[in-house]
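Text of the file start_1.cif, holding mmCIF, C-alpha atoms:
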```cif
data_input
#
loop_
_atom_site.group_PDB
_atom_site.id
_atom_site.type_symbol
_atom_site.label_atom_id
_atom_site.label_comp_id
_atom_site.auth_asym_id
_atom_site.auth_seq_id
_atom_site.Cartn_x
_atom_site.Cartn_y
_atom_site.Cartn_z
ATOM 1 C CA MET A 6 94.883 166.071 -34.310
ATOM 2 C CA GLU A 7 94.533 163.435 -36.996
ATOM 3 C CA ALA A 8 97.567 161.483 -38.264
ATOM 4 C CA GLY A 9 99.815 164.034 -36.558
ATOM 5 C CA ALA A 10 98.407 167.017 -38.509
ATOM 6 C CA PHE A 11 96.331 169.862 -37.144
ATOM 7 C CA GLN A 12 92.806 169.970 -38.545
ATOM 8 C CA PRO A 13 91.459 173.538 -38.760
ATOM 9 C CA VAL A 14 88.089 174.183 -37.144
ATOM 10 C CA GLU A 15 85.479 174.801 -39.839
ATOM 11 C CA PRO A 16 83.286 177.874 -39.278
ATOM 12 C CA VAL A 17 79.509 177.520 -39.697
ATOM 13 C CA LEU A 18 77.095 180.454 -39.894
ATOM 14 C CA ILE A 19 73.726 180.146 -38.119
ATOM 15 C CA VAL A 20 71.063 182.662 -39.192
ATOM 16 C CA ASP A 21 67.927 182.721 -37.039
ATOM 17 C CA ASP A 22 66.017 185.506 -35.283
ATOM 18 C CA ASP A 23 65.301 183.052 -32.439
ATOM 19 C CA ALA A 24 68.346 183.744 -30.246
ATOM 20 C CA ASP A 25 67.685 180.731 -28.017
ATOM 21 C CA TRP A 26 67.623 178.312 -30.940
ATOM 22 C CA GLY A 27 70.757 179.933 -32.322
ATOM 23 C CA LYS A 28 72.550 179.299 -29.014
ATOM 24 C CA GLU A 29 71.362 175.672 -28.923
ATOM 25 C CA CYS A 30 72.519 175.075 -32.478
ATOM 26 C CA ALA A 31 75.864 176.745 -31.738
ATOM 27 C CA PHE A 32 76.323 174.489 -28.701
ATOM 28 C CA SER A 33 75.686 171.389 -30.821
ATOM 29 C CA LEU A 34 78.108 172.569 -33.489
ATOM 30 C CA ARG A 35 80.860 173.146 -30.921
ATOM 31 C CA GLN A 36 80.383 169.625 -29.626
ATOM 32 C CA MET A 37 80.825 168.362 -33.193
ATOM 33 C CA GLY A 38 84.061 170.315 -33.625
ATOM 34 C CA TYR A 39 82.784 173.287 -35.647
ATOM 35 C CA GLU A 40 83.179 177.006 -34.940
ATOM 36 C CA PRO A 41 79.702 178.593 -34.935
ATOM 37 C CA PHE A 42 78.865 182.195 -35.786
ATOM 38 C CA VAL A 43 75.324 183.307 -34.935
ATOM 39 C CA ALA A 44 73.417 186.058 -36.760
ATOM 40 C CA THR A 45 69.890 187.178 -35.902
ATOM 41 C CA SER A 46 69.312 189.203 -39.069
ATOM 42 C CA ALA A 47 70.173 189.160 -42.768
ATOM 43 C CA ASP A 48 72.503 192.174 -42.507
ATOM 44 C CA GLU A 49 74.403 190.607 -39.624
ATOM 45 C CA ALA A 50 74.695 187.364 -41.608
ATOM 46 C CA LEU A 51 76.098 189.134 -44.671
ATOM 47 C CA ALA A 52 78.632 190.997 -42.522
ATOM 48 C CA LEU A 53 79.818 187.756 -40.894
ATOM 49 C CA PHE A 54 80.061 186.099 -44.313
ATOM 50 C CA VAL A 55 82.310 188.905 -45.584
ATOM 51 C CA ASP A 56 84.557 188.845 -42.495
ATOM 52 C CA HIS A 57 85.017 185.100 -41.965
ATOM 53 C CA ASP A 58 86.002 182.044 -43.982
ATOM 54 C CA ILE A 59 82.458 180.640 -43.901
ATOM 55 C CA SER A 60 81.544 177.867 -46.334
ATOM 56 C CA ILE A 61 78.421 176.454 -44.596
ATOM 57 C CA ALA A 62 75.348 178.419 -43.519
ATOM 58 C CA ILE A 63 72.277 177.158 -41.634
ATOM 59 C CA VAL A 64 69.480 179.605 -42.469
ATOM 60 C CA ASP A 65 66.007 179.855 -40.960
ATOM 61 C CA TYR A 66 63.188 180.100 -43.505
ATOM 62 C CA ASN A 67 61.244 182.769 -41.583
ATOM 63 C CA LEU A 68 63.456 185.808 -41.002
ATOM 64 C CA PRO A 69 62.294 189.378 -40.322
ATOM 65 C CA GLY A 70 62.773 191.743 -43.236
ATOM 66 C CA LEU A 71 64.790 189.745 -45.754
ATOM 67 C CA ASP A 72 63.374 186.184 -45.713
ATOM 68 C CA GLY A 73 65.591 183.102 -45.623
ATOM 69 C CA ILE A 74 65.118 182.232 -49.302
ATOM 70 C CA THR A 75 66.100 185.720 -50.459
ATOM 71 C CA LEU A 76 69.065 185.767 -48.083
ATOM 72 C CA ILE A 77 70.315 182.446 -49.475
ATOM 73 C CA GLN A 78 69.985 183.775 -53.022
ATOM 74 C CA GLU A 79 71.895 186.972 -52.174
ATOM 75 C CA MET A 80 74.658 185.134 -50.316
ATOM 76 C CA ALA A 81 74.951 182.558 -53.114
ATOM 77 C CA GLN A 82 75.297 185.312 -55.736
ATOM 78 C CA GLN A 83 77.905 187.114 -53.661
ATOM 79 C CA ALA A 84 79.828 183.867 -53.057
ATOM 80 C CA GLU A 85 79.771 183.080 -56.780
ATOM 81 C CA ALA A 86 80.998 186.572 -57.677
ATOM 82 C CA GLU A 87 83.875 186.213 -55.214
ATOM 83 C CA GLY A 88 84.774 182.652 -56.179
ATOM 84 C CA ARG A 89 83.908 181.346 -52.719
ATOM 85 C CA GLN A 90 82.364 178.015 -51.809
ATOM 86 C CA LEU A 91 79.170 178.383 -49.777
ATOM 87 C CA ARG A 92 76.595 175.675 -49.080
ATOM 88 C CA PHE A 93 73.304 176.026 -47.266
ATOM 89 C CA VAL A 94 71.078 174.086 -44.931
ATOM 90 C CA MET A 95 67.583 175.535 -44.573
ATOM 91 C CA ALA A 96 65.835 175.143 -41.222
ATOM 92 C CA THR A 97 62.178 175.833 -40.494
ATOM 93 C CA GLY A 98 59.509 175.089 -37.934
ATOM 94 C CA TYR A 99 56.832 175.088 -40.662
ATOM 95 C CA ALA A 100 57.936 172.471 -43.152
ATOM 96 C CA THR A 101 55.757 172.114 -46.237
ATOM 97 C CA LYS A 102 56.330 170.777 -49.705
ATOM 98 C CA ASP A 103 56.366 174.311 -51.147
ATOM 99 C CA VAL A 104 58.916 175.495 -48.573
ATOM 100 C CA ALA A 105 61.154 172.524 -49.349
ATOM 101 C CA ILE A 106 60.935 173.197 -53.099
ATOM 102 C CA ASP A 107 61.737 176.881 -52.550
ATOM 103 C CA ALA A 108 64.746 175.897 -50.448
ATOM 104 C CA MET A 109 66.141 173.574 -53.097
ATOM 105 C CA ARG A 110 65.574 176.128 -55.850
ATOM 106 C CA ALA A 111 67.489 178.660 -53.760
ATOM 107 C CA SER A 112 70.574 176.390 -53.732
ATOM 108 C CA ALA A 113 70.033 174.828 -50.292
ATOM 109 C CA ILE A 114 71.804 171.463 -50.079
ATOM 110 C CA ASP A 115 69.648 170.172 -47.238
ATOM 111 C CA PHE A 116 66.335 170.954 -45.557
ATOM 112 C CA LEU A 117 65.683 170.317 -41.842
ATOM 113 C CA GLU A 118 62.506 170.709 -39.811
ATOM 114 C CA LYS A 119 62.667 172.093 -36.268
ATOM 115 C CA PRO A 120 63.200 170.855 -33.643
ATOM 116 C CA ILE A 121 66.468 169.609 -35.168
ATOM 117 C CA SER A 122 68.257 166.860 -33.316
ATOM 118 C CA GLN A 123 72.026 166.824 -33.065
ATOM 119 C CA ALA A 124 72.039 163.582 -35.065
ATOM 120 C CA ASP A 125 70.064 165.187 -37.923
ATOM 121 C CA LEU A 126 72.362 168.210 -37.872
ATOM 122 C CA ARG A 127 75.443 165.995 -37.898
ATOM 123 C CA ARG A 128 74.151 163.989 -40.867
ATOM 124 C CA ALA A 129 73.351 167.172 -42.815
ATOM 125 C CA LEU A 130 76.851 168.523 -42.252
ATOM 126 C CA GLN A 131 78.413 165.197 -43.156
ATOM 127 C CA ARG A 132 76.483 165.200 -46.437
ATOM 128 C CA ILE A 133 77.755 168.711 -47.178
ATOM 129 C CA ARG A 134 81.352 167.805 -46.305
ATOM 130 C CA GLY A 135 81.112 164.819 -48.614
ATOM 131 C CA LEU A 136 80.575 167.108 -51.607
ATOM 132 C CA PRO A 137 83.644 168.024 -53.678
ATOM 133 C CA PRO A 138 85.052 171.450 -52.739
ATOM 134 C CA ALA A 139 85.254 174.290 -55.223
ATOM 135 C CA PRO A 140 88.870 174.462 -56.503
ATOM 136 C CA GLY A 141 90.901 177.387 -55.250
ATOM 137 C CA ALA A 142 88.053 178.748 -53.117
ATOM 138 C CA ARG A 143 90.186 179.315 -50.040
ATOM 139 C CA LYS A 144 92.922 181.171 -51.945
ATOM 140 C CA VAL A 145 90.319 183.431 -53.556
ATOM 141 C CA LEU A 146 88.807 184.113 -50.129
ATOM 142 C CA ILE A 147 92.174 185.056 -48.606
ATOM 143 C CA ASP A 148 92.843 187.419 -51.518
ATOM 144 C CA LYS A 149 89.363 188.901 -51.098
ATOM 145 C CA ILE A 150 89.832 189.556 -47.378
ATOM 146 C CA SER A 151 93.171 191.223 -48.102
ATOM 147 C CA ASN A 152 91.531 193.447 -50.733
ATOM 148 C CA LEU A 153 88.674 194.367 -48.391
ATOM 149 C CA SER A 154 91.145 195.285 -45.646
ATOM 150 C CA THR A 155 92.979 197.577 -48.066
ATOM 151 C CA GLU A 156 89.693 199.119 -49.189
ATOM 152 C CA LEU A 157 88.568 199.805 -45.615
ATOM 153 C CA GLN A 158 91.913 201.457 -44.847
ATOM 154 C CA ARG A 159 91.515 203.610 -47.963
ATOM 155 C CA LEU A 160 88.013 204.707 -46.939
ATOM 156 C CA ALA A 161 89.169 205.465 -43.389
ATOM 157 C CA HIS A 162 92.032 207.536 -44.801
ATOM 158 C CA LEU A 163 89.589 209.407 -47.022
ATOM 159 C CA ILE A 164 87.405 210.338 -44.055
ATOM 160 C CA ASP A 165 90.134 211.116 -41.503
ATOM 161 C CA GLU A 166 92.601 213.086 -43.635
ATOM 162 C CA PRO A 167 90.563 215.487 -45.783
ATOM 163 C CA GLY A 168 93.421 217.588 -47.052
ATOM 164 C CA ARG A 169 95.869 214.870 -47.967
ATOM 165 C CA PRO A 170 95.639 213.261 -51.410
ATOM 166 C CA SER A 171 95.946 209.491 -51.709
ATOM 167 C CA ALA A 172 99.417 208.127 -52.423
ATOM 168 C CA ALA A 173 97.837 205.838 -55.004
ATOM 169 C CA ALA A 174 96.278 208.740 -56.882
ATOM 170 C CA ALA A 175 97.618 209.185 -60.392
ATOM 171 C CA PRO A 176 95.864 210.863 -63.315
ATOM 172 C CA ALA A 177 94.806 208.257 -65.867
ATOM 173 C CA ALA A 178 94.766 209.029 -69.572
ATOM 174 C CA PRO A 179 91.179 207.815 -70.086
ATOM 175 C CA ALA A 180 89.953 209.995 -67.210
ATOM 176 C CA GLU A 181 91.782 213.059 -68.566
ATOM 177 C CA ALA A 182 90.171 212.504 -71.939
ATOM 178 C CA LEU A 183 86.766 212.755 -70.279
ATOM 179 C CA LEU A 184 87.397 216.292 -69.016
ATOM 180 C CA PRO A 185 86.290 219.145 -71.286
ATOM 181 C CA ALA A 186 89.461 220.842 -72.534
ATOM 182 C CA ALA A 187 88.114 224.420 -72.284
ATOM 183 C CA SER A 188 86.446 224.141 -68.854
ATOM 184 C CA SER A 189 88.104 225.820 -65.871
ATOM 185 C CA PRO A 190 87.342 226.701 -62.237
ATOM 186 C CA LEU A 191 88.887 230.126 -62.837
ATOM 187 C CA PRO A 192 89.284 232.070 -66.093
ATOM 188 C CA GLY A 193 92.111 230.587 -68.125
ATOM 189 C CA GLU A 194 92.649 227.605 -65.816
ATOM 190 C CA PRO A 195 91.435 224.171 -66.984
ATOM 191 C CA VAL A 196 89.925 221.661 -64.572
ATOM 192 C CA THR A 197 92.614 219.057 -63.977
ATOM 193 C CA PRO A 198 92.156 215.438 -62.844
ATOM 194 C CA ASP A 199 93.809 216.411 -59.535
ATOM 195 C CA GLN A 200 91.232 219.139 -58.968
ATOM 196 C CA LEU A 201 88.434 216.752 -59.797
ATOM 197 C CA THR A 202 89.913 214.154 -57.440
ATOM 198 C CA VAL A 203 90.037 216.650 -54.559
ATOM 199 C CA PHE A 204 86.427 217.663 -55.239
ATOM 200 C CA ILE A 205 85.204 214.035 -55.331
ATOM 201 C CA ARG A 206 86.972 213.256 -52.061
ATOM 202 C CA ASP A 207 85.330 216.281 -50.479
ATOM 203 C CA GLN A 208 81.918 215.130 -51.721
ATOM 204 C CA LEU A 209 82.495 211.642 -50.285
ATOM 205 C CA ARG A 210 83.412 213.138 -46.897
ATOM 206 C CA ARG A 211 80.265 215.268 -46.983
ATOM 207 C CA GLU A 212 78.216 212.187 -47.851
ATOM 208 C CA THR A 213 79.698 210.331 -44.864
ATOM 209 C CA LYS A 214 78.824 213.200 -42.513
ATOM 210 C CA ARG A 215 75.311 213.460 -43.933
ATOM 211 C CA ARG A 216 74.718 209.733 -43.412
ATOM 212 C CA ALA A 217 75.648 210.163 -39.745
ATOM 213 C CA ILE A 218 72.689 212.510 -39.197
ATOM 214 C CA GLY A 219 69.893 210.545 -37.604
ATOM 215 C CA GLY A 220 72.144 207.591 -36.881
ATOM 216 C CA GLY A 221 72.733 206.073 -40.303
ATOM 217 C CA GLU A 222 70.582 205.488 -43.357
ATOM 218 C CA LEU A 223 67.969 208.276 -43.281
ATOM 219 C CA PHE A 224 69.914 211.017 -45.055
ATOM 220 C CA GLY A 225 72.480 209.071 -47.036
ATOM 221 C CA ASP A 226 72.503 208.515 -50.782
ATOM 222 C CA PRO A 227 74.242 205.151 -51.338
ATOM 223 C CA ALA A 228 73.908 205.270 -55.137
ATOM 224 C CA TRP A 229 75.608 208.672 -55.336
ATOM 225 C CA ALA A 230 78.373 207.623 -52.926
ATOM 226 C CA MET A 231 78.958 204.474 -54.974
ATOM 227 C CA LEU A 232 79.179 206.423 -58.248
ATOM 228 C CA LEU A 233 81.604 208.950 -56.779
ATOM 229 C CA ASP A 234 83.832 206.217 -55.395
ATOM 230 C CA LEU A 235 83.867 204.360 -58.717
ATOM 231 C CA LEU A 236 84.774 207.538 -60.617
ATOM 232 C CA LEU A 237 87.557 208.226 -58.130
ATOM 233 C CA ALA A 238 88.816 204.685 -58.693
ATOM 234 C CA LYS A 239 88.854 205.303 -62.447
ATOM 235 C CA ILE A 240 91.016 208.403 -62.015
ATOM 236 C CA GLU A 241 93.334 206.568 -59.609
ATOM 237 C CA LYS A 242 93.598 203.530 -61.900
ATOM 238 C CA ARG A 243 92.058 201.207 -59.325
ATOM 239 C CA GLN A 244 89.620 198.358 -59.798
ATOM 240 C CA VAL A 245 86.715 198.125 -57.364
ATOM 241 C CA SER A 246 85.153 194.814 -56.428
ATOM 242 C CA VAL A 247 81.446 194.397 -55.763
ATOM 243 C CA SER A 248 81.991 194.134 -52.004
ATOM 244 C CA SER A 249 84.239 197.214 -51.928
ATOM 245 C CA ALA A 250 81.611 199.211 -53.817
ATOM 246 C CA CYS A 251 78.996 198.088 -51.288
ATOM 247 C CA ILE A 252 81.206 199.261 -48.420
ATOM 248 C CA ALA A 253 81.774 202.621 -50.094
ATOM 249 C CA SER A 254 78.012 203.139 -50.470
ATOM 250 C CA GLY A 255 77.584 203.214 -46.693
ATOM 251 C CA ALA A 256 74.407 201.110 -46.930
ATOM 252 C CA PRO A 257 73.853 197.755 -45.214
ATOM 253 C CA MET A 258 75.349 194.940 -47.280
ATOM 254 C CA SER A 259 71.991 193.468 -48.349
ATOM 255 C CA THR A 260 70.708 196.912 -49.414
ATOM 256 C CA ALA A 261 73.930 197.700 -51.244
ATOM 257 C CA LEU A 262 73.899 194.375 -53.124
ATOM 258 C CA ARG A 263 70.339 195.029 -54.305
ATOM 259 C CA LEU A 264 71.404 198.526 -55.368
ATOM 260 C CA VAL A 265 74.315 197.112 -57.383
ATOM 261 C CA ARG A 266 72.006 194.708 -59.223
ATOM 262 C CA ARG A 267 69.554 197.515 -59.978
ATOM 263 C CA LEU A 268 72.287 199.845 -61.287
ATOM 264 C CA VAL A 269 73.662 197.052 -63.457
ATOM 265 C CA ASP A 270 70.167 196.232 -64.762
ATOM 266 C CA GLU A 271 69.613 199.935 -65.529
ATOM 267 C CA GLU A 272 72.986 199.988 -67.357
ATOM 268 C CA VAL A 273 74.419 202.634 -65.053
ATOM 269 C CA LEU A 274 77.143 200.235 -63.891
ATOM 270 C CA CYS A 275 78.952 197.382 -65.621
ATOM 271 C CA ARG A 276 80.170 194.154 -64.047
ATOM 272 C CA LEU A 277 83.635 193.272 -65.359
ATOM 273 C CA PRO A 278 85.111 189.784 -64.885
ATOM 274 C CA ASP A 279 88.487 189.546 -63.220
ATOM 275 C CA GLU A 280 90.991 188.626 -65.943
ATOM 276 C CA HIS A 281 92.874 186.423 -63.478
ATOM 277 C CA ASP A 282 89.814 184.752 -61.951
ATOM 278 C CA ARG A 283 86.668 184.661 -64.096
ATOM 279 C CA ARG A 284 84.545 183.846 -61.039
ATOM 280 C CA ARG A 285 85.179 187.282 -59.543
ATOM 281 C CA HIS A 286 83.812 190.606 -60.813
ATOM 282 C CA PHE A 287 84.670 194.281 -60.583
ATOM 283 C CA LEU A 288 82.330 197.253 -61.038
ATOM 284 C CA ALA A 289 82.756 200.249 -63.329
ATOM 285 C CA ILE A 290 80.540 203.119 -64.435
ATOM 286 C CA ASN A 291 78.990 202.584 -67.848
ATOM 287 C CA PRO A 292 80.769 204.906 -70.335
ATOM 288 C CA LYS A 293 77.431 206.377 -71.427
ATOM 289 C CA CYS A 294 76.860 207.599 -67.846
ATOM 290 C CA GLU A 295 80.473 208.435 -67.036
ATOM 291 C CA GLN A 296 80.803 211.486 -69.295
ATOM 292 C CA PRO A 297 77.601 213.202 -68.030
ATOM 293 C CA LEU A 298 78.785 212.534 -64.470
ATOM 294 C CA VAL A 299 82.196 214.088 -65.164
ATOM 295 C CA ASP A 300 80.555 217.074 -66.879
ATOM 296 C CA TYR A 301 78.296 217.625 -63.870
ATOM 297 C CA LEU A 302 81.155 217.411 -61.360
ATOM 298 C CA THR A 303 83.361 219.647 -63.508
ATOM 299 C CA GLU A 304 80.639 222.304 -63.488
ATOM 300 C CA GLN A 305 80.473 221.978 -59.697
ATOM 301 C CA VAL A 306 84.241 222.546 -59.510
ATOM 302 C CA ARG A 307 83.864 225.682 -61.637
ATOM 303 C CA GLN A 308 81.077 227.044 -59.453
ATOM 304 C CA ARG A 309 83.036 226.421 -56.298
ATOM 305 C CA GLY A 310 85.920 228.337 -57.845
#
```
Rewrite the structure of this file - the entire thing - as structure tokens.
Amino acid sequence: MEAGAFQPVEPVLIVDDDADWGKECAFSLRQMGYEPFVATSADEALALFVDHDISIAIVDYNLPGLDGITLIQEMAQQAEAEGRQLRFVMATGYATKDVAIDAMRASAIDFLEKPISQADLRRALQRIRGLPPAPGARKVLIDKISNLSTELQRLAHLIDEPGRPSAAAAPAAPAEALLPAASSPLPGEPVTPDQLTVFIRDQLRRETKRRAIGGGELFGDPAWAMLLDLLLAKIEKRQVSVSSACIASGAPMSTALRLVRRLVDEEVLCRLPDEHDRRRHFLAINPKCEQPLVDYLTEQVRQRG
């Protein structure tokens, strides 16, 4: 309590594959009045960032797989796309001039060498808290969490109820225009947007089952799942955020984010700014790839009959 008002506990993300150091750092943060979240890998860190109102991250330089610098860059890009405020402290047991320069280039606000005393940690956090906050960041985050919750419910519905079409589904004029007028699954019957929607949903369910073979990533095709979900969104007149597209791909968040950047670079996907918040982006299939995709799926509908 300060001046009779409740002060919310600020969450801080700790990313370090050294579990013991993570626990020590978390203990220090609790003593200073913060709420720590500990991740031992990049994927775990990205998942915690999506699920919690985290604006400060303490990241170890040497991480297995995705190194600390790359993780900071990915999290910073995701935070910027979502309009969220996120500031970094880089920690390392091997401090060098080059490491420090890399940290600053990667948007780290501070750089601490292990072992880190509680006093040094406190000063670093005080410096971060002294910086002006990004306007409207919390509101954007709340909206984002709400959207992600809706998206997860939609994906769960898609998997659990195979025969029931989505209540939000509605044929869109642009999507109808993409369908060849003379094509049909049976003689004399054109392929309708509803038929295409049912087929896409079936393909997404099959993709989910295929990913489950071998326990996860071995047999999945995240790019194909992402494209199918984005086309379904086009037919249903929905906009899909970057994070929602990553979830739909079924890949770990770090892998999915790299895939999104590659598909955008290859001009398969387009990033579209949110008209109401220019800091946030949606994804859509590039029109030059959309028609061939629809043609291919329409042919599949015909063959299935």
(message) Neighbouring residues of segment 25-40 of chain A were defined as those with any atom within 12 Å, considering all atoms listed in the file; residues of the same chain fewer than 3 positions away were excluded. Please report them as a ChimeraX atom specification.
(response) /A:6,12-22,43-46,57-65,96-98,119-131
(message) Need to verify the contact set: Ala81 of chain A, 8 Å, only C-alpha atoms, exclusion of same-chain residues closer than 3 positions in sequence. Can you return it as JSON, numbers by chain?
(response) {"A": [77, 78, 84, 85, 91, 112]}
(message) Just the number, please: distance in Å from atom CA of Glu304 of chain A to atom CA of Leu237 of chain A, one decimal.
(response) 16.6 Å
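Between atom CA of Val245 of chain A and atom CA of Ala289 of chain A the interatomic distance comes to 7.5 Å.
One distance worth recording is that between atom CA of Val265 of chain A and atom CA of Thr75 of chain A, which is 15.7 Å.
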